[in-house]
Amino acid sequence: MGSFSRLPSLILTNIIIHIESERDILQLIRASPAALEQYVRYRRNIMRHRLNNILAIDSDGTILQDAQAIIQFPTVNEGSSMPSSSVQAMFQTLNLWSDKAFANPLTQTDQGDITKLYRFFCRLITFIEDYLAKALDSFPSRAYMVLPDLASVVPTMHFKGRAVDVNPVPFGTMKGPEKCRLLRAFVRYELLCKVYHPRVWSHIDGSAYAKIVKRSNEKLTLKDYEALCCVYEYFKGLYGAVFAHCQDSWFPDCPIHSQSKITTVNQSLGVEHQEPVSSKDYGLLYPDSVYFSAEEYSTGAIWGTLEDILPSLGLDLLSSIVMSLGMDEKNGEYLRVWFGILSTQHDWLIEHDWFIEPWIFRRHFVGRHRHLNINAQRIFLWRLRMISQQKSCRGGHICPQSPEIDIEQRTRQFHIHNLQLKIFRQRAWVFFDGSRLCTRPAPHLPTWSELEAEYQTTSEMLGLAYQRARRRSQRWQDYWSGRTLDHPFDQQEGNSSGAVGSVEDNRQCVPRFFEKPWRGERVKCWKHCDS
């Protein structure tokens with residue numbers, strides 16, 4: 001990196017300006033004293049020009065207006081209802097957003113607004129790069145187990161404190177339309193998390209502002225709706241990784257490069273995808289081998305449907321949780337206790353029926369796209385309805401003239417379709433140009449027949465649920481491999497609440513995800529009490 005010291009100041013500054021990833025800039029200035037000196041000296045100009053480059057893809061100004069609405073949105077105090085001043089500020093923000101009246105900070109002189117918007121996009125792009133890394137990995141269900149280390153100077157990927165071989169995909173390597181789709185989806189999703197937050201929506205529901213939001217939702221195309229569902233699935237995967245870090249989870253080995261590898265997606269990115277090698281005797285079983293399930297990894301950490309709700313609360317809470325894990329591995333024990341507390345103290349969710357469905361599946365948002373939303377709950381209700389209908393027909397009641405269907409077979413088909421949809425969303429299928437997709441979808445986008453074949457390989461296995469859980473356990477993997485002679489049944493279950501002391505809910509202190517940490521320390525979403 002000593003060659004940078006010989007470059008003219010203007011050229012070096014322009015190089016920094018045209019780097020689209022904050023992570024890449026931090027790596028550069030960490031390696032080059034000359035680049036660091038230029039970055040510090042001309043930081044404001046660099047910030048302005050880089051922000052201008054980011055917003056250049058925002059042809060209609062939607063991304064900027066959504067971002068400004070998020071930044072201006074009043075902070076929600078989780079511990080109490082919103083004060084009247086915050087409610088008025090929220091209404092004013094929604095008015096400006098509806099009228100697209102937020103000013104572009106680049107045309108203003110306030111450096112503070114530029115800095116805030118710049119940090120907003122930098123942190124958001126960090127999550128986008130993490131999403132792309134997992135979506136394009138050769139073993140996505142393994143890659144989804146890792147977390148970005150947001151507390152480090154240069155964000156890296158880790159699993160329980162150790163570095164892994166999953167690397168972020170640089171945002172700058174994406175095509176212009178793909179960048180726009182990714183930014184638009186992530187920004188709009190975060191804005192809707194603010195609007196549909198239970199403590200916020202209680203003030204909006206039934207008012208003229210609810211109609212403003214609904215009109216905006218109705219303008220979403222099918223592709224826009226699917227993009228938001230992809231972001232939700234990614235956030236849910238992040239929470240699943242948090243759950244995995246908080247308990248006895250096994251991190252599988254990396255797939256072996258072999259002659260049978262299949263290059264599948266995006267040659268221009270330089271990302272090669274291989275078929276994950278067949279697990280020897282105790283590898284992950286289907287569907288864990290193809291889909292990273294937050295529900296499965298939340299077992300023992302939370303109760304109820306909280307793993308569905310948390311991703312719909314936005315990046316502020318999620319960032320604080322991820323950052324707390326990056327600061328200290330022991331925080332996983334506190335988080336596990338805190339998740340249990342949050343699971344049992346959910347009056348704020350039940351009050352608005354949020355414990356049934358998150359906002360992304362609710363009618364006010366979904367609208368005409370509701371028929372496209374298939375989940376386990378709807379499949380379960382359909383099965384009960386069909387069984388009841390068949391029993392009524394056999395009991396002599398008048399039934400519709402339709403052939404009797406095999407309910408169990410149709411239920412299995414629905415579950416496979418639902419799984420395939422979630423896999424596609426975890427793998428960011430809607431964001432890529434058609435030219436990126438290869439002739440053979442596996443392993444990036446598995447076909448129905450491939451999932452059906454995977455299902456058949458495990459459908460006859462005795463005690464499948466227990467086998468799947470044991471394959472995900474580090475204790476069982478150590479026992480099977482001979483690294484320990486202690487049988488897992490004889491080992492004490494760790495992470496008990498007594499081992500870490502008392503923990504209190506501290507969500508009212510959670511900072512915004514794009515704010516600069518105070519005094520080098522991030523406020524946690526939980527509070528450890530020594531009493």
# chains A, B, ... in the order shown; residues from 1 in each chain; ligands from 1
$ residues_around --residues "range 53-60 of chain A" --least-positions-apart "2" --cutoff "9 Å" --atoms "only C-alpha atoms" --output "list of chain:residue names"
A:Ile17, A:His18, A:Glu20, A:Arg48, A:His49, A:Arg50, A:Leu51, A:Thr62, A:Ile63, A:Leu64, A:Phe121, A:Gly176, A:Pro177, A:Lys179, A:Cys180, A:Arg184
$ closest_atom_pairs --of "range 78-98 of chain A" --to "range 68-71 of chain A" --cutoff "8 Å" --atoms "only C-alpha atoms" --output "CSV"
residue,atom,partner,partner_atom,distance
A:Thr93,CA,A:Ala69,CA,6.1
A:Leu94,CA,A:Ala69,CA,7.3
A:Leu96,CA,A:Ala69,CA,7.9
A:Trp97,CA,A:Ala69,CA,6.1
$ write_last_selection --atoms "C-alpha atoms" --output "PDB file, in the first residue's frame"
ATOM      1  CA  THR A  93     -42.986  13.148   9.277  1.00  0.00           C
ATOM      2  CA  LEU A  94     -45.701  11.153   7.508  1.00  0.00           C
ATOM      3  CA  LEU A  96     -43.671  15.281   4.556  1.00  0.00           C
ATOM      4  CA  TRP A  97     -43.121  11.725   3.343  1.00  0.00           C
TER       5      TRP A  97
END
$ select_by_dssp --residues "range 288-350 of chain A" --states "alpha helix (DSSP H)" --output "ChimeraX atom specification"
/A:294-297,306-309,315-327,331-344,347-350
$ write_last_selection --atoms "C-alpha atoms" --output "PDB file, in the first residue's frame"
ATOM      1  CA  ALA A 294     -34.942 -19.486  12.699  1.00  0.00           C
ATOM      2  CA  GLU A 295     -37.750 -21.531  14.248  1.00  0.00           C
ATOM      3  CA  GLU A 296     -35.555 -24.585  14.694  1.00  0.00           C
ATOM      4  CA  TYR A 297     -32.671 -22.639  16.214  1.00  0.00           C
ATOM      5  CA  LEU A 306     -41.621 -14.315  18.702  1.00  0.00           C
ATOM      6  CA  GLU A 307     -39.148 -15.432  16.018  1.00  0.00           C
ATOM      7  CA  ASP A 308     -41.730 -14.231  13.447  1.00  0.00           C
ATOM      8  CA  ILE A 309     -42.352 -10.915  15.204  1.00  0.00           C
ATOM      9  CA  LEU A 315     -32.877  -2.625  12.429  1.00  0.00           C
ATOM     10  CA  ASP A 316     -32.502  -0.623  15.645  1.00  0.00           C
ATOM     11  CA  LEU A 317     -33.188  -3.585  17.917  1.00  0.00           C
ATOM     12  CA  LEU A 318     -31.535  -6.088  15.582  1.00  0.00           C
ATOM     13  CA  SER A 319     -28.324  -4.043  15.284  1.00  0.00           C
ATOM     14  CA  SER A 320     -28.000  -3.696  19.048  1.00  0.00           C
ATOM     15  CA  ILE A 321     -28.475  -7.437  19.528  1.00  0.00           C
ATOM     16  CA  VAL A 322     -25.922  -8.339  16.841  1.00  0.00           C
ATOM     17  CA  MET A 323     -23.452  -5.766  18.158  1.00  0.00           C
ATOM     18  CA  SER A 324     -23.764  -6.993  21.747  1.00  0.00           C
ATOM     19  CA  LEU A 325     -22.860 -10.519  20.611  1.00  0.00           C
ATOM     20  CA  GLY A 326     -19.834  -9.156  18.778  1.00  0.00           C
ATOM     21  CA  MET A 327     -18.584  -7.308  21.861  1.00  0.00           C
ATOM     22  CA  ASN A 331     -23.581 -11.776  26.093  1.00  0.00           C
ATOM     23  CA  GLY A 332     -25.198 -14.745  24.362  1.00  0.00           C
ATOM     24  CA  GLU A 333     -26.127 -16.144  27.772  1.00  0.00           C
ATOM     25  CA  TYR A 334     -27.766 -12.868  28.776  1.00  0.00           C
ATOM     26  CA  LEU A 335     -29.563 -12.629  25.448  1.00  0.00           C
ATOM     27  CA  ARG A 336     -30.987 -16.112  25.830  1.00  0.00           C
ATOM     28  CA  VAL A 337     -32.469 -15.170  29.197  1.00  0.00           C
ATOM     29  CA  TRP A 338     -33.711 -11.867  27.767  1.00  0.00           C
ATOM     30  CA  PHE A 339     -35.471 -13.621  24.879  1.00  0.00           C
ATOM     31  CA  GLY A 340     -37.255 -15.781  27.431  1.00  0.00           C
ATOM     32  CA  ILE A 341     -38.358 -12.675  29.336  1.00  0.00           C
ATOM     33  CA  LEU A 342     -39.539 -11.027  26.128  1.00  0.00           C
ATOM     34  CA  SER A 343     -41.517 -14.156  25.217  1.00  0.00           C
ATOM     35  CA  THR A 344     -43.501 -14.023  28.447  1.00  0.00           C
ATOM     36  CA  ASP A 347     -48.804  -7.584  26.310  1.00  0.00           C
ATOM     37  CA  TRP A 348     -47.666  -4.861  23.891  1.00  0.00           C
ATOM     38  CA  LEU A 349     -47.916  -7.394  21.052  1.00  0.00           C
ATOM     39  CA  ILE A 350     -51.155  -9.124  22.039  1.00  0.00           C
TER      40      ILE A 350
END
$ residues_around --residues "Ser312 in chain A" --least-positions-apart "4" --cutoff "8 Å" --atoms "only C-alpha atoms" --output "list in words"
Cys193, Tyr232, Asp308, Pro358, Trp359 and Ile360 of chain A
$ select_by_dssp --residues "range 57-239 of chain A" --states "strand (DSSP E or B)" --output "list in words"
Leu147, Pro148, Met157, His158, Phe159, Arg162 and Ala163 of chain A
$ closest_atom_pairs --of "range 85-131 of chain A" --to "range 411-428 of chain A" --cutoff "12 Å" --atoms "only C-alpha atoms" --output "CSV"
residue,atom,partner,partner_atom,distance
A:Ile128,CA,A:Ala428,CA,10.4
A:Glu129,CA,A:Ala428,CA,11.6
A:Asp130,CA,A:Ala428,CA,11.5
A:Tyr131,CA,A:Ala428,CA,7.9
$ atom_distance --atom1 "CA of Arg188 in chain A" --atom2 "CA of Ala67 in chain A"
8.0 Å
$ closest_residue --among "A:Tyr189, A:Tyr282, A:Phe91, A:Phe127" --to "Cys230 in chain A" --atoms "only C-alpha atoms"
A:Tyr189
$ residues_around --residues "Ala244 in chain A" --least-positions-apart "2" --cutoff "12 Å" --atoms "only C-alpha atoms" --output "PyMOL selection string"
chain A and resi 142+144-147+159-160+237-242+246-251+292-302+325+332-333+335-336+472-474
$ write_last_selection --atoms "C-alpha atoms" --output "mmCIF file, in the first residue's frame"
data_model
loop_
_atom_site.group_PDB
_atom_site.id
_atom_site.type_symbol
_atom_site.label_atom_id
_atom_site.label_comp_id
_atom_site.auth_asym_id
_atom_site.auth_seq_id
_atom_site.Cartn_x
_atom_site.Cartn_y
_atom_site.Cartn_z
ATOM 1 C CA ARG A 142 -24.324 -22.736 6.765
ATOM 2 C CA TYR A 144 -26.786 -17.932 7.469
ATOM 3 C CA MET A 145 -25.404 -19.104 10.813
ATOM 4 C CA VAL A 146 -22.727 -16.388 10.860
ATOM 5 C CA LEU A 147 -23.180 -12.779 11.967
ATOM 6 C CA PHE A 159 -19.548 -17.547 14.399
ATOM 7 C CA LYS A 160 -19.349 -17.458 18.187
ATOM 8 C CA GLY A 237 -32.331 -15.453 9.297
ATOM 9 C CA LEU A 238 -30.222 -12.947 11.255
ATOM 10 C CA TYR A 239 -32.325 -13.589 14.353
ATOM 11 C CA GLY A 240 -31.936 -17.312 13.716
ATOM 12 C CA ALA A 241 -28.155 -16.810 13.716
ATOM 13 C CA VAL A 242 -28.456 -14.919 17.007
ATOM 14 C CA CYS A 246 -26.839 -18.243 22.127
ATOM 15 C CA GLN A 247 -26.902 -22.020 22.490
ATOM 16 C CA ASP A 248 -25.251 -25.327 21.640
ATOM 17 C CA SER A 249 -25.196 -25.053 17.836
ATOM 18 C CA TRP A 250 -22.866 -26.838 15.444
ATOM 19 C CA PHE A 251 -21.222 -24.903 12.613
ATOM 20 C CA PHE A 292 -31.751 -22.033 7.617
ATOM 21 C CA SER A 293 -34.769 -22.070 9.926
ATOM 22 C CA ALA A 294 -34.942 -19.486 12.699
ATOM 23 C CA GLU A 295 -37.750 -21.531 14.248
ATOM 24 C CA GLU A 296 -35.555 -24.585 14.694
ATOM 25 C CA TYR A 297 -32.671 -22.639 16.214
ATOM 26 C CA SER A 298 -34.979 -20.690 18.517
ATOM 27 C CA THR A 299 -35.925 -23.884 20.383
ATOM 28 C CA GLY A 300 -35.007 -23.396 24.022
ATOM 29 C CA ALA A 301 -34.349 -19.680 23.558
ATOM 30 C CA ILE A 302 -37.854 -18.273 23.062
ATOM 31 C CA LEU A 325 -22.860 -10.519 20.611
ATOM 32 C CA GLY A 332 -25.198 -14.745 24.362
ATOM 33 C CA GLU A 333 -26.127 -16.144 27.772
ATOM 34 C CA LEU A 335 -29.563 -12.629 25.448
ATOM 35 C CA ARG A 336 -30.987 -16.112 25.830
ATOM 36 C CA ARG A 472 -27.522 -29.297 14.783
ATOM 37 C CA SER A 473 -25.957 -29.806 18.231
ATOM 38 C CA GLN A 474 -22.246 -29.273 18.911
#
$ closest_residue --among "A:Gln409, A:Phe513, A:Glu233, A:Ala133" --to "Phe120 in chain A" --atoms "only C-alpha atoms"
A:Phe513
$ atom_distance --atom1 "CA of Ile204 in chain A" --atom2 "CA of Ala89 in chain A"
12.6 Å
$ atom_distance --atom1 "CA of Lys330 in chain A" --atom2 "CA of Arg23 in chain A"
26.3 Å
